[in-house]
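Asks: Contents of my_file.cif (mmCIF, C-alpha atoms):
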```cif
data_work
loop_
_atom_site.label_atom_id
_atom_site.label_comp_id
_atom_site.auth_asym_id
_atom_site.auth_seq_id
_atom_site.Cartn_x
_atom_site.Cartn_y
_atom_site.Cartn_z
CA MET A 1 65.21 167.91 194.73
CA ASP A 2 68.81 168.73 193.83
CA GLY A 3 69.52 165.11 192.95
CA VAL A 4 71.99 163.44 190.67
CA HIS A 5 69.05 162.55 188.38
CA ASP A 6 68.86 166.20 187.28
CA LEU A 7 71.46 165.66 184.56
CA GLY A 8 70.68 168.30 181.93
CA GLY A 9 73.73 170.47 181.21
CA ARG A 10 76.04 168.67 183.69
CA GLU A 11 79.60 168.75 182.41
CA GLY A 12 82.24 166.07 182.37
CA PHE A 13 80.28 163.36 180.58
CA GLY A 14 82.08 161.76 177.66
CA PRO A 15 81.10 160.20 174.34
CA ILE A 16 77.77 158.45 173.90
CA ASP A 17 77.98 154.65 173.86
CA ARG A 18 75.71 153.27 171.14
CA ALA A 19 76.10 149.58 172.07
CA HIS A 20 72.97 147.42 171.78
CA GLU A 21 71.01 150.30 170.24
CA ASP A 22 68.94 148.16 167.90
CA ALA A 23 67.78 145.45 170.31
CA PRO A 24 64.49 146.19 172.10
CA TYR A 25 66.00 144.91 175.34
CA HIS A 26 69.61 145.42 176.33
CA THR A 27 69.83 142.02 178.10
CA PRO A 28 67.34 139.25 179.04
CA GLU A 29 67.24 140.52 182.63
CA ASP A 30 66.45 143.99 181.30
CA ALA A 31 63.29 142.57 179.72
CA ARG A 32 62.27 140.81 182.97
CA ALA A 33 62.97 143.94 185.05
CA TYR A 34 60.87 146.07 182.69
CA ALA A 35 57.95 143.63 182.71
CA LEU A 36 58.01 143.25 186.50
CA SER A 37 58.09 147.03 186.98
CA VAL A 38 55.16 147.79 184.71
CA SER A 39 53.14 144.88 186.10
CA ILE A 40 53.53 146.13 189.66
CA ARG A 41 52.79 149.70 188.62
CA GLY A 42 49.69 148.57 186.73
CA GLU A 43 48.58 146.47 189.69
CA ARG A 44 49.14 148.98 192.47
CA ASP A 45 48.30 152.15 190.56
CA TYR A 46 51.21 154.03 192.14
CA PRO A 47 51.16 157.72 191.09
CA ILE A 48 53.68 158.46 188.31
CA ASP A 49 55.19 161.39 190.21
CA TRP A 50 55.74 159.28 193.31
CA PHE A 51 57.39 156.61 191.13
CA ARG A 52 59.73 159.23 189.67
CA HIS A 53 60.55 160.65 193.10
CA VAL A 54 61.28 157.21 194.55
CA ARG A 55 63.63 156.53 191.63
CA GLU A 56 65.36 159.86 192.25
CA SER A 57 65.87 158.75 195.86
CA ILE A 58 68.08 155.81 194.84
CA ASP A 59 71.66 156.15 196.13
CA PRO A 60 73.45 158.53 193.70
CA VAL A 61 76.17 156.03 192.81
CA ASP A 62 73.55 153.37 192.03
CA TYR A 63 71.55 155.92 190.04
CA LEU A 64 74.51 156.63 187.77
CA THR A 65 75.80 153.08 187.43
CA ARG A 66 73.03 150.47 187.66
CA PRO A 67 71.07 149.48 184.52
CA TYR A 68 67.96 151.55 183.77
CA PHE A 69 65.26 148.91 184.26
CA ASP A 70 67.15 147.47 187.23
CA GLN A 71 66.51 150.90 188.79
CA TRP A 72 62.83 150.77 187.84
CA LEU A 73 62.58 147.39 189.54
CA GLN A 74 64.32 148.55 192.71
CA THR A 75 61.99 151.57 192.66
CA VAL A 76 58.76 149.56 192.48
CA LEU A 77 60.08 147.17 195.13
CA ALA A 78 60.90 150.12 197.39
CA MET A 79 57.40 151.50 196.72
CA ALA A 80 55.85 148.12 197.57
CA VAL A 81 57.82 147.96 200.83
CA ASP A 82 56.91 151.56 201.65
CA ALA A 83 53.21 150.87 201.07
CA GLY A 84 53.33 147.64 203.10
CA ASP A 85 52.63 145.29 200.18
CA VAL A 86 55.96 143.55 200.78
CA ALA A 87 57.78 143.39 204.12
CA LEU A 88 61.38 144.64 204.10
CA GLU A 89 62.53 141.27 205.52
CA GLU A 90 60.84 139.49 202.63
CA ALA A 91 62.44 141.82 200.07
CA THR A 92 65.92 141.39 201.51
CA GLY A 93 65.63 137.60 201.78
CA GLY A 94 65.66 137.39 205.55
CA ALA A 95 62.13 135.98 205.80
CA ARG A 96 60.01 133.67 203.68
CA ALA A 97 57.25 135.41 201.74
CA ARG A 98 54.02 135.41 203.71
CA THR A 99 50.46 134.68 202.61
CA PRO A 100 49.84 135.77 199.05
CA ARG A 101 47.34 138.54 198.46
CA VAL A 102 43.83 137.38 197.61
CA PRO A 103 42.92 139.60 194.60
CA ALA A 104 44.46 138.43 191.34
CA PRO A 105 47.37 140.43 189.87
CA ILE A 106 47.00 141.97 186.41
CA SER A 107 46.60 139.35 183.70
CA ALA A 108 47.94 139.09 180.16
CA ALA A 109 44.55 140.42 178.96
CA ASP A 110 44.94 143.46 181.24
CA VAL A 111 48.39 144.04 179.75
CA ARG A 112 47.01 143.97 176.22
CA ALA A 113 44.38 146.55 177.20
CA MET A 114 47.01 148.79 178.83
CA LEU A 115 49.16 148.56 175.69
CA THR A 116 46.40 150.06 173.54
CA THR A 117 44.98 152.62 175.97
CA PRO A 118 46.85 155.92 176.31
CA VAL A 119 46.59 157.67 179.67
CA ASP A 120 45.00 161.12 179.44
CA PHE A 121 46.70 163.51 181.88
CA GLU A 122 44.67 166.59 181.01
CA ARG A 123 42.38 167.76 183.83
CA PRO A 124 39.69 170.43 184.13
CA ALA A 125 41.42 173.80 184.50
CA PRO A 126 40.95 175.28 188.00
CA ALA A 127 41.64 178.77 186.61
CA PRO A 128 42.24 180.42 183.24
CA PRO A 129 45.89 180.32 182.12
CA ALA A 130 47.92 183.28 183.39
CA PHE A 131 50.13 183.42 180.29
CA ALA A 132 49.49 183.57 176.57
CA VAL A 133 51.58 182.46 173.62
CA GLY A 134 54.38 184.98 173.08
CA ASP A 135 54.59 186.09 176.73
CA ARG A 136 58.10 186.36 178.17
CA VAL A 137 58.46 184.42 181.41
CA ARG A 138 61.18 183.87 184.00
CA THR A 139 61.54 180.50 185.74
CA ALA A 140 61.92 180.11 189.50
CA ALA A 141 65.46 180.86 190.66
CA ARG A 142 65.55 178.08 193.25
CA GLY A 143 64.32 174.53 193.60
CA HIS A 144 62.89 172.77 196.67
CA PRO A 145 63.69 169.52 198.49
CA GLY A 146 60.73 167.60 197.02
CA HIS A 147 60.04 166.32 193.53
CA THR A 148 59.91 168.88 190.74
CA ARG A 149 60.10 168.92 186.96
CA LEU A 150 61.88 172.23 186.58
CA PRO A 151 65.44 171.11 185.79
CA ALA A 152 68.26 172.94 187.53
CA TYR A 153 69.79 174.10 184.23
CA ALA A 154 66.61 176.07 183.45
CA ARG A 155 66.25 177.86 186.80
CA GLY A 156 66.14 181.65 186.79
CA ALA A 157 66.02 181.75 182.98
CA VAL A 158 63.92 183.91 180.67
CA GLY A 159 62.04 182.29 177.79
CA ALA A 160 58.88 182.64 175.74
CA ILE A 161 55.60 180.74 175.94
CA VAL A 162 55.12 178.81 172.69
CA ALA A 163 52.03 176.77 173.66
CA HIS A 164 49.46 176.34 176.42
CA ARG A 165 48.84 172.59 176.91
CA GLY A 166 45.78 172.72 179.16
CA ALA A 167 45.84 171.84 182.86
CA HIS A 168 47.92 168.82 183.96
CA PRO A 169 48.54 167.37 187.46
CA VAL A 170 51.37 169.24 189.21
CA PRO A 171 54.23 166.75 189.79
CA ASP A 172 55.52 168.60 192.86
CA GLU A 173 52.12 167.92 194.47
CA GLY A 174 51.55 164.45 193.01
CA ALA A 175 54.77 163.18 194.59
CA ARG A 176 53.28 164.25 197.96
CA GLY A 177 50.00 162.46 197.27
CA VAL A 178 48.14 165.68 196.48
CA HIS A 179 46.17 165.80 193.23
CA ARG A 180 46.12 169.34 191.89
CA ALA A 181 46.06 170.43 188.25
CA GLU A 182 47.51 173.63 186.87
CA ALA A 183 48.21 175.21 183.47
CA LEU A 184 51.09 173.57 181.60
CA TYR A 185 53.05 175.46 178.94
CA THR A 186 55.76 174.71 176.45
CA VAL A 187 58.45 177.36 176.94
CA ALA A 188 61.27 178.07 174.48
CA PHE A 189 64.66 179.29 175.73
CA ALA A 190 67.59 180.48 173.66
CA ARG A 191 70.36 177.94 174.29
CA GLY A 192 72.65 180.91 174.85
CA ASP A 193 70.41 182.11 177.71
CA LEU A 194 70.89 178.76 179.48
CA PHE A 195 74.56 178.07 178.79
CA PRO A 196 77.16 180.85 178.50
CA GLU A 197 79.27 179.14 175.84
CA ALA A 198 76.22 179.14 173.51
CA ALA A 199 75.76 182.93 173.56
CA GLY A 200 74.48 184.18 170.22
CA SER A 201 73.40 180.72 169.00
CA ALA A 202 70.05 180.47 167.19
CA ASP A 203 69.48 177.08 168.89
CA ARG A 204 66.55 176.77 171.29
CA VAL A 205 65.70 174.42 174.15
CA HIS A 206 62.02 173.73 174.87
CA LEU A 207 60.65 172.56 178.21
CA ASP A 208 57.12 171.76 179.37
CA LEU A 209 56.61 173.75 182.56
CA TRP A 210 53.81 174.27 185.05
CA GLU A 211 52.50 177.74 185.80
CA ARG A 212 53.92 177.76 189.34
CA TYR A 213 57.46 177.56 187.94
CA LEU A 214 56.95 180.80 185.98
CA GLU A 215 56.55 184.52 186.52
CA ARG A 216 56.13 187.29 183.98
CA ALA A 217 59.50 188.62 182.78
CA MET B 218 48.20 150.45 201.98
CA GLU B 219 48.86 153.96 200.76
CA PRO B 220 52.34 155.24 199.95
CA SER B 221 54.00 157.28 202.71
CA TYR B 222 55.18 159.99 200.28
CA ASP B 223 58.21 160.22 202.59
CA ARG B 224 61.48 160.57 200.67
CA GLU B 225 63.70 159.82 203.66
CA LYS B 226 61.78 156.60 204.32
CA VAL B 227 62.14 155.35 200.74
CA ALA B 228 65.80 156.39 200.61
CA ALA B 229 66.38 154.20 203.69
CA ILE B 230 64.50 151.33 202.00
CA HIS B 231 66.73 151.73 198.93
CA ARG B 232 69.82 151.48 201.14
CA HIS B 233 68.51 148.26 202.71
CA LEU B 234 67.72 146.81 199.29
CA HIS B 235 71.18 147.80 198.03
CA ALA B 236 72.82 146.09 201.01
CA HIS B 237 70.87 142.84 200.79
CA LEU B 238 69.91 142.15 197.19
CA PRO B 239 72.37 140.37 194.90
CA PRO B 240 74.44 143.06 193.14
CA GLU B 241 74.57 141.17 189.84
CA PRO B 242 71.57 142.36 187.72
CA ALA B 243 70.45 138.93 186.47
CA LEU B 244 70.46 137.40 189.98
CA ARG B 245 68.79 140.47 191.43
CA VAL B 246 65.94 140.34 188.92
CA LYS B 247 65.49 136.61 189.53
CA ALA B 248 65.28 137.12 193.30
CA ILE B 249 62.73 139.92 193.01
CA GLU B 250 60.66 138.05 190.41
CA SER B 251 60.44 134.97 192.67
CA LEU B 252 59.32 137.13 195.58
CA LEU B 253 56.68 139.06 193.62
CA VAL B 254 55.26 135.90 192.04
CA GLU B 255 55.18 134.15 195.43
CA LYS B 256 53.41 137.15 196.95
CA GLY B 257 50.82 136.98 194.18
CA LEU B 258 51.67 140.51 193.04
CA VAL B 259 52.54 139.51 189.48
CA ASP B 260 51.24 136.92 187.03
CA PRO B 261 54.06 135.33 184.95
CA ALA B 262 51.77 135.33 181.89
CA ALA B 263 51.45 139.13 182.20
CA LEU B 264 55.25 139.44 182.26
CA ASP B 265 55.50 137.49 179.02
CA ALA B 266 52.78 139.68 177.47
CA TRP B 267 54.74 142.88 178.20
CA ILE B 268 58.01 141.47 176.89
CA GLU B 269 56.50 140.00 173.72
CA ALA B 270 54.59 143.18 172.87
CA TYR B 271 57.77 145.25 172.69
CA THR B 272 59.77 142.46 171.01
CA GLU B 273 57.40 141.81 168.13
CA GLU B 274 54.51 144.20 167.74
CA ILE B 275 55.41 147.62 169.10
CA GLY B 276 58.57 149.30 167.87
CA PRO B 277 60.03 152.00 165.64
CA LYS B 278 58.41 150.44 162.55
CA ARG B 279 55.23 152.16 163.73
CA GLY B 280 56.87 155.56 163.86
CA ALA B 281 58.43 154.93 160.46
CA MET B 282 54.96 154.27 158.99
CA VAL B 283 53.72 157.52 160.53
CA VAL B 284 56.62 159.47 159.03
CA ALA B 285 56.24 157.87 155.60
CA ARG B 286 52.55 158.74 155.53
CA SER B 287 53.35 162.33 156.49
CA TRP B 288 55.65 162.49 153.43
CA VAL B 289 53.02 161.33 150.94
CA ASP B 290 49.76 162.64 152.44
CA ALA B 291 49.61 166.39 153.10
CA GLY B 292 46.29 166.12 154.93
CA PHE B 293 47.70 163.49 157.30
CA ARG B 294 50.83 165.60 157.84
CA ALA B 295 48.69 168.59 158.83
CA ARG B 296 46.70 166.43 161.28
CA LEU B 297 49.92 164.93 162.68
CA LEU B 298 51.45 168.34 163.34
CA ASP B 299 48.21 169.64 164.83
CA ASP B 300 47.36 166.65 167.07
CA ALA B 301 49.83 163.77 166.83
CA ALA B 302 48.01 161.72 169.50
CA ALA B 303 44.87 161.64 167.32
CA ALA B 304 46.84 161.08 164.10
CA VAL B 305 48.69 158.02 165.42
CA ALA B 306 45.45 156.69 166.92
CA GLU B 307 43.98 156.96 163.43
CA MET B 308 46.70 154.50 162.31
CA GLY B 309 45.90 152.13 165.17
CA PHE B 310 49.01 152.99 167.18
CA ALA B 311 47.51 154.53 170.34
CA GLY B 312 49.17 153.11 173.44
CA GLN B 313 51.66 153.78 176.19
CA ALA B 314 52.80 157.41 176.33
CA SER B 315 51.00 158.34 173.09
CA GLY B 316 48.19 160.30 174.75
CA HIS B 317 49.99 163.65 174.59
CA LEU B 318 52.24 163.01 171.60
CA LYS B 319 53.62 166.00 169.68
CA ALA B 320 55.26 165.75 166.26
CA VAL B 321 57.94 168.32 165.39
CA GLU B 322 59.13 168.67 161.80
CA ASN B 323 62.64 169.19 160.52
CA THR B 324 63.01 171.85 157.83
CA PRO B 325 66.03 173.09 155.84
CA ALA B 326 66.48 175.72 158.61
CA ARG B 327 65.57 173.72 161.78
CA HIS B 328 66.70 170.37 163.15
CA ASN B 329 64.84 168.86 166.12
CA LEU B 330 66.32 166.71 168.91
CA VAL B 331 64.39 164.99 171.72
CA VAL B 332 65.70 164.18 175.21
CA CYS B 333 64.41 163.66 178.75
CA THR B 334 67.03 165.10 181.09
CA LEU B 335 65.17 164.24 184.33
CA CYS B 336 64.35 160.55 183.76
CA SER B 337 64.06 159.00 180.27
CA CYS B 338 60.50 159.68 179.04
CA TYR B 339 59.91 158.18 175.59
CA PRO B 340 56.92 157.57 173.26
CA PHE B 341 56.85 153.77 173.73
CA ALA B 342 53.75 153.15 171.61
CA ILE B 343 55.33 154.77 168.55
CA LEU B 344 59.05 154.04 168.91
CA GLY B 345 59.11 150.96 171.17
CA MET B 346 61.83 150.57 173.79
CA ALA B 347 64.31 153.44 174.03
CA PRO B 348 67.89 152.62 173.01
CA PRO B 349 70.34 152.37 175.94
CA TRP B 350 72.14 155.60 174.96
CA TYR B 351 68.88 157.59 175.22
CA LYS B 352 68.63 156.56 178.90
CA ALA B 353 72.33 157.09 179.62
CA ALA B 354 73.72 160.01 181.63
CA GLU B 355 75.97 161.13 178.75
CA TYR B 356 73.07 161.81 176.39
CA ARG B 357 70.80 163.27 179.09
CA ALA B 358 73.52 165.65 180.28
CA ARG B 359 74.83 166.75 176.89
CA ALA B 360 71.80 166.94 174.55
CA VAL B 361 70.55 170.26 175.96
CA ARG B 362 73.94 171.88 176.42
CA ASP B 363 75.92 170.60 173.42
CA PRO B 364 73.36 169.32 170.90
CA ARG B 365 75.68 169.96 167.96
CA GLY B 366 78.47 167.94 169.54
CA VAL B 367 76.03 165.10 170.25
CA LEU B 368 74.69 165.22 166.69
CA ALA B 369 78.21 165.17 165.26
CA GLU B 370 78.90 161.95 167.20
CA PHE B 371 75.89 160.44 165.45
CA GLY B 372 77.17 161.61 162.06
CA VAL B 373 74.76 164.52 161.73
CA THR B 374 76.65 167.69 160.82
CA LEU B 375 74.59 170.84 160.58
CA GLY B 376 75.62 173.99 158.76
CA PRO B 377 75.68 177.31 160.65
CA ASP B 378 72.42 178.24 158.88
CA VAL B 379 70.58 175.32 160.52
CA ALA B 380 69.33 175.95 164.07
CA VAL B 381 68.71 173.16 166.57
CA ASP B 382 65.44 172.87 168.47
CA VAL B 383 65.90 170.65 171.52
CA TRP B 384 62.77 169.27 173.26
CA ASP B 385 63.30 168.23 176.90
CA SER B 386 60.30 166.05 177.88
CA THR B 387 59.75 167.43 181.37
CA ALA B 388 55.96 166.74 181.54
CA GLU B 389 53.65 164.04 180.09
CA LEU B 390 54.01 165.34 176.54
CA ARG B 391 56.09 163.08 174.32
CA TYR B 392 57.88 164.17 171.18
CA MET B 393 58.70 162.55 167.86
CA VAL B 394 60.70 164.15 165.07
CA ILE B 395 59.43 164.14 161.48
CA PRO B 396 62.66 164.04 159.46
CA GLU B 397 62.90 165.62 156.02
CA ARG B 398 62.13 163.27 153.15
CA PRO B 399 65.45 162.20 151.59
CA ALA B 400 66.26 163.51 148.14
CA GLY B 401 65.76 161.13 145.23
CA THR B 402 62.86 159.20 146.77
CA GLU B 403 60.11 160.66 144.55
CA GLY B 404 59.37 157.29 142.93
CA LEU B 405 59.01 155.31 146.18
CA ASP B 406 55.68 154.22 147.65
CA GLU B 407 54.72 154.57 151.33
CA ALA B 408 56.04 151.15 152.37
CA ALA B 409 59.39 151.71 150.65
CA LEU B 410 59.67 155.14 152.26
CA ALA B 411 58.93 153.70 155.72
CA ALA B 412 61.85 151.30 155.27
CA LEU B 413 64.17 154.32 155.01
CA VAL B 414 63.12 155.87 158.34
CA THR B 415 65.37 155.02 161.26
CA ARG B 416 64.46 155.11 164.94
CA ASN B 417 67.25 157.62 165.54
CA ALA B 418 65.79 159.96 162.89
CA MET B 419 62.59 160.12 164.95
CA ILE B 420 64.59 161.06 168.09
CA GLY B 421 66.64 163.50 166.03
CA THR B 422 70.07 161.83 166.06
CA ASP B 423 69.89 160.88 162.36
CA ASP B 424 68.95 163.04 159.37
CA LEU B 425 68.61 160.20 156.80
CA LYS B 426 71.44 161.71 154.78
CA GLY B 427 73.78 158.75 155.14
CA GLY B 428 75.80 159.73 158.23
CA ALA B 429 77.27 157.27 160.72
#
```
Output the file's structure in the form of structure tokens.
Replies:
Amino acid sequence: MDGVHDLGGREGFGPIDRAHEDAPYHTPEDARAYALSVSIRGERDYPIDWFRHVRESIDPVDYLTRPYFDQWLQTVLAMAVDAGDVALEEATGGARARTPRVPAPISAADVRAMLTTPVDFERPAPAPPAFAVGDRVRTAARGHPGHTRLPAYARGAVGAIVAHRGAHPVPDEGARGVHRAEALYTVAFARGDLFPEAAGSADRVHLDLWERYLERA
Amino acid sequence: MEPSYDREKVAAIHRHLHAHLPPEPALRVKAIESLLVEKGLVDPAALDAWIEAYTEEIGPKRGAMVVARSWVDAGFRARLLDDAAAAVAEMGFAGQASGHLKAVENTPARHNLVVCTLCSCYPFAILGMAPPWYKAAEYRARAVRDPRGVLAEFGVTLGPDVAVDVWDSTAELRYMVIPERPAGTEGLDEAALAALVTRNAMIGTDDLKGGA
């Protein structure tokens, strides 16, 4: 999706604002929005790639201007409306909330368990990896209208495989509700191969990319 | 019910929410919290548990302890660079987004910088909540294209003999930077060393050399 979320390398952005950098939460409502978002995600088990795609589908002006966790919260609410857990009229205040769900939502004990249990995204490999460390690869020249994790700035670029990370679920498929794993690689690009003004620089940019984004260069 | 996986449908829902929810963030959160509690979709005690965990227990102090140990214990450093997820679990820090953690080390010739250009992926279990600038468009846009300009704004000036390695977290891997141990700290123990390690140093926007 050629959305405004795909920010890497976009020009025109000014200095970085370091306000509030040492507080865990920017504002009290930031903390509430975070907690609500992760509670709903824990409760409904929404796929991570669908969550990301729904956030990317926020109006572009809102995406660039509303607070970060405020966007998470709007995203989980939109997901809940989409899945029928909340009626649109309830979400927009036009109707009183109807009968609560019967099963209990996640508890404080569930939260503590989630906070100490990393999610393992590695899956059994459906096929041996097509590329080996050191191989030169070229990324896809074009994107597609759905969710993807190949940023626009790294399209049609040549880099080198620096690691094979096993098979991970393909985000482009996960955002469509299809669970399919594929080899994931860390690929190093010369910064000068991505951005013309950096020609000749020894700097590198690394991305984690799925096999379908790559072809042998 | 199952998600529709229909982008146009959710974009239309977003537009409705935008039109009808209070625009002011505090009022908007309050309205949505009331609705979700009333619907039985969230338990207020769970909300407090999330907020408290990242206020008190989980934060960059964890990452600082990991870095300090890597400075004094060569065996731990080797394990951290080989499999950071296992190494931080060894210290009791396994948690959100630590399952595919990678540690990248600064050297006299290489400086590492972490970003997520597509959303704002971050190793919560090790560094806590991301600072606002990490999630902001300015950092996400510029870190891959102009890392030296970004670093200079943070007071990190690199000589021409130091190359920058940028890590854009585009999958479920998460990155933390192991900064170089500052000069003159030979006499310090692990706890004193950990106190020197800043959160920004573990993202890559500080080199612990006394910049801004």
Asks: How would you write, as a PyMOL selection string, the residues chosen by the PyMOL selection byres ((chain A and resi 155) around 8) on this structure?
Replies: chain A and resi 139-143+150-154+156-157
Asks: Quote the spacing between atom CA of Val38 of chain A and atom CA of Tyr339 of chain B in Å to one decimal place.
Replies: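 Atom CA of Tyr339 of chain B lies at a distance of 14.6 Å from atom CA of Val38 of chain A.
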Asks: Considering only C-alpha atoms, return as a ChimeraX atom specification whatever protein or nucleic-acid residues lie within 7 Å of segment 318-324 of chain B, sequence-local ones (same chain, fewer than 2 positions apart) excluded.
Replies: /B:297-298,300-302,315-316,326-329,390-397
Asks: So the first atom is atom CA of Leu238 of chain B and the second is atom CA of Lys352 of chain B; what is the distance between them in Å, to one decimal place?
Replies: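 Separation of atom CA of Leu238 of chain B and atom CA of Lys352 of chain B: 23.3 Å.
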Asks: For this file, the PyMOL selection byres ((chain A and resi 166) around 6) selects which residues, as number ranges by chain?
Replies: A: 164-165, 167, 183-184
Asks: Expand the PyMOL selection byres ((chain B) within 6 of (chain A)) into the individual residues it matches in the shown file, reporting them as a VMD selection string.
Replies: chain B and resid 218 to 220 222 228 230 to 231 237 to 238 243 256 to 260 262 to 264 266 to 267 311 to 313 315 to 316 334 to 335 346 348 350 355 357 to 359 362 380 to 385 387 to 388
Asks: May I ask for the distance between atom CA of Phe310 of chain B and atom CA of Leu368 of chain B, given in Å to one decimal place?
Replies: 28.4 Å
